[in-house]
Amino acid sequence: MSTIIETPDWSMIPAPPDDGAARHLAGARMAAIALAATDGGTIDLSGLAGRVVVYAYPRTGRPGIANPDGWDMIPGARGCTPQSCSFRDHFAELKTLGVERLFGLSTQDPDYQKEAVARLHLPFAMLSDDGLKLTRAMSLPTLEVDGMMLLKRFTLVIDDGVVTHVFYPVFPPDRNAGDVIEWLSRNPNAA
């Protein structure tokens, strides 16, 4: 069962600039850090064999609970649900293109993330970096909003623990999965 979401008018929302904050990630080995997953396990991205896609997002909201003041006008903040639903809707196609594992990543705690996984019917786990260990070890792009340290929106293609490609900035978020599919189609995994 798919959750229908309203697509924002992206022309009314500021696009994030390419501030170079993810430039160092291409070619980097993932740090050996175990992250809590919404399926109850832990995942160390550095030790996963094959092709893995990880999309990072600032935070998912919850129905009936207001986002922080001015959220929509923070460049790159809005769109976590459309991004996740796009990856959900293209999950099978990503698998046919050689993606062994797909994960969402945020600094929200796993219990908060579990609500989004259930509500959005996601067929993949979310990973939590609520302790900011991976964020600090890899110098991942961040923003601070209302005292929360959040990840900026980016997507990593990881082959055998090494970042092969970085999508940054990501805008509009609902096109991210399509952009990843286009890149994967041109860059099959040789392994």
# chains A, B, ... in the order shown; residues from 1 in each chain; ligands from 1
>>> residues_around(residues="Leu105 (chain A)", least_positions_apart="5", cutoff="7 Å", atoms="only C-alpha atoms", output="PyMOL selection string")
chain A and resi 54-57+126-128
>>> select_by_dssp(residues="chain A", states="alpha helix (DSSP H)", output="PyMOL selection string")
chain A and resi 80-89+91-96+110-120+133-138+176-186
>>> write_last_selection(atoms="N, CA and C atoms", output="short mmCIF file (atom, residue, chain, number, x, y, z; two decimals), in the first residue's frame")
data_model
loop_
_atom_site.label_atom_id
_atom_site.label_comp_id
_atom_site.auth_asym_id
_atom_site.auth_seq_id
_atom_site.Cartn_x
_atom_site.Cartn_y
_atom_site.Cartn_z
N CYS A 80 11.71 15.65 2.79
CA CYS A 80 12.18 14.34 3.25
C CYS A 80 11.18 13.23 2.93
N THR A 81 9.90 13.50 3.10
CA THR A 81 8.89 12.49 2.79
C THR A 81 8.82 12.23 1.29
N PRO A 82 8.77 13.27 0.43
CA PRO A 82 8.78 12.98 -1.01
C PRO A 82 10.03 12.22 -1.46
N GLN A 83 11.18 12.52 -0.86
CA GLN A 83 12.41 11.82 -1.22
C GLN A 83 12.31 10.34 -0.83
N SER A 84 11.88 10.07 0.39
CA SER A 84 11.75 8.68 0.85
C SER A 84 10.74 7.91 0.02
N CYS A 85 9.62 8.55 -0.29
CA CYS A 85 8.59 7.86 -1.10
C CYS A 85 9.08 7.60 -2.52
N SER A 86 9.91 8.48 -3.05
CA SER A 86 10.47 8.25 -4.37
C SER A 86 11.39 7.04 -4.36
N PHE A 87 12.23 6.91 -3.33
CA PHE A 87 13.08 5.72 -3.23
C PHE A 87 12.23 4.47 -3.02
N ARG A 88 11.16 4.58 -2.24
CA ARG A 88 10.24 3.45 -2.06
C ARG A 88 9.65 3.03 -3.41
N ASP A 89 9.17 4.00 -4.17
CA ASP A 89 8.50 3.70 -5.42
C ASP A 89 9.44 3.14 -6.49
N PHE A 91 12.21 1.28 -5.64
CA PHE A 91 13.02 0.27 -4.96
C PHE A 91 13.34 -0.92 -5.87
N ALA A 92 12.35 -1.47 -6.52
CA ALA A 92 12.56 -2.64 -7.39
C ALA A 92 13.50 -2.31 -8.53
N GLU A 93 13.37 -1.14 -9.12
CA GLU A 93 14.24 -0.75 -10.22
C GLU A 93 15.69 -0.59 -9.74
N LEU A 94 15.88 -0.03 -8.55
CA LEU A 94 17.22 0.09 -7.99
C LEU A 94 17.86 -1.28 -7.82
N LYS A 95 17.07 -2.24 -7.35
CA LYS A 95 17.57 -3.60 -7.17
C LYS A 95 18.00 -4.21 -8.51
N THR A 96 17.20 -3.99 -9.56
CA THR A 96 17.56 -4.55 -10.87
C THR A 96 18.83 -3.91 -11.43
N PRO A 110 16.21 6.06 16.25
CA PRO A 110 15.54 4.96 15.55
C PRO A 110 14.04 4.87 15.82
N ASP A 111 13.60 5.18 17.03
CA ASP A 111 12.16 5.12 17.31
C ASP A 111 11.40 6.15 16.49
N TYR A 112 11.97 7.34 16.35
CA TYR A 112 11.34 8.36 15.52
C TYR A 112 11.30 7.90 14.07
N GLN A 113 12.40 7.32 13.60
CA GLN A 113 12.47 6.85 12.22
C GLN A 113 11.50 5.71 11.95
N LYS A 114 11.29 4.84 12.94
CA LYS A 114 10.39 3.69 12.77
C LYS A 114 8.98 4.14 12.41
N GLU A 115 8.55 5.26 12.98
CA GLU A 115 7.22 5.79 12.67
C GLU A 115 7.13 6.11 11.18
N ALA A 116 8.16 6.75 10.62
CA ALA A 116 8.15 7.11 9.20
C ALA A 116 8.19 5.86 8.33
N VAL A 117 9.01 4.88 8.69
CA VAL A 117 9.09 3.64 7.92
C VAL A 117 7.72 2.97 7.84
N ALA A 118 7.03 2.90 8.97
CA ALA A 118 5.70 2.27 9.00
C ALA A 118 4.67 3.11 8.23
N ARG A 119 4.65 4.42 8.48
CA ARG A 119 3.65 5.29 7.85
C ARG A 119 3.83 5.36 6.34
N LEU A 120 5.08 5.36 5.88
CA LEU A 120 5.36 5.50 4.45
C LEU A 120 5.51 4.16 3.73
N LYS A 133 28.22 10.05 15.33
CA LYS A 133 29.53 9.42 15.18
C LYS A 133 29.96 9.35 13.72
N LEU A 134 29.07 8.87 12.84
CA LEU A 134 29.41 8.81 11.42
C LEU A 134 29.54 10.23 10.85
N THR A 135 28.64 11.10 11.25
CA THR A 135 28.66 12.49 10.77
C THR A 135 30.00 13.14 11.06
N ARG A 136 30.49 12.96 12.27
CA ARG A 136 31.79 13.56 12.64
C ARG A 136 32.95 12.85 11.96
N ALA A 137 32.93 11.51 11.95
CA ALA A 137 34.04 10.75 11.38
C ALA A 137 34.22 11.01 9.89
N MET A 138 33.12 11.24 9.18
CA MET A 138 33.16 11.45 7.73
C MET A 138 33.02 12.92 7.34
N ASN A 176 15.41 12.68 -6.64
CA ASN A 176 16.67 12.07 -6.26
C ASN A 176 16.77 10.62 -6.71
N ALA A 177 15.75 9.81 -6.47
CA ALA A 177 15.80 8.40 -6.87
C ALA A 177 15.95 8.27 -8.38
N GLY A 178 15.26 9.09 -9.13
CA GLY A 178 15.38 9.07 -10.59
C GLY A 178 16.78 9.44 -11.05
N ASP A 179 17.39 10.43 -10.39
CA ASP A 179 18.77 10.81 -10.72
C ASP A 179 19.74 9.67 -10.42
N VAL A 180 19.52 8.98 -9.30
CA VAL A 180 20.36 7.85 -8.94
C VAL A 180 20.20 6.73 -9.98
N ILE A 181 18.97 6.45 -10.38
CA ILE A 181 18.71 5.41 -11.39
C ILE A 181 19.41 5.76 -12.70
N GLU A 182 19.33 7.00 -13.10
CA GLU A 182 20.00 7.43 -14.34
C GLU A 182 21.50 7.21 -14.24
N TRP A 183 22.11 7.58 -13.10
CA TRP A 183 23.55 7.39 -12.93
C TRP A 183 23.90 5.90 -12.91
N LEU A 184 23.13 5.10 -12.18
CA LEU A 184 23.39 3.65 -12.11
C LEU A 184 23.29 3.00 -13.48
N SER A 185 22.37 3.46 -14.32
CA SER A 185 22.21 2.91 -15.66
C SER A 185 23.46 3.15 -16.50
N ARG A 186 24.11 4.28 -16.30
CA ARG A 186 25.34 4.61 -17.04
C ARG A 186 26.60 4.05 -16.38
#
>>> residues_around(residues="Ile43 (chain A)", least_positions_apart="5", cutoff="12 Å", atoms="only C-alpha atoms", output="list in words")
Met30, Ala31, Ala32, Ile33, Ala34, Leu35, Ala36, Ala37, Thr38, Leu48, Ala49, Val52, Val54, Arg101, Leu102, Phe103, Gly104, Leu105, Ala125, Met126, Leu127, Ser128, Asp129, Leu134 and Gly161 of chain A
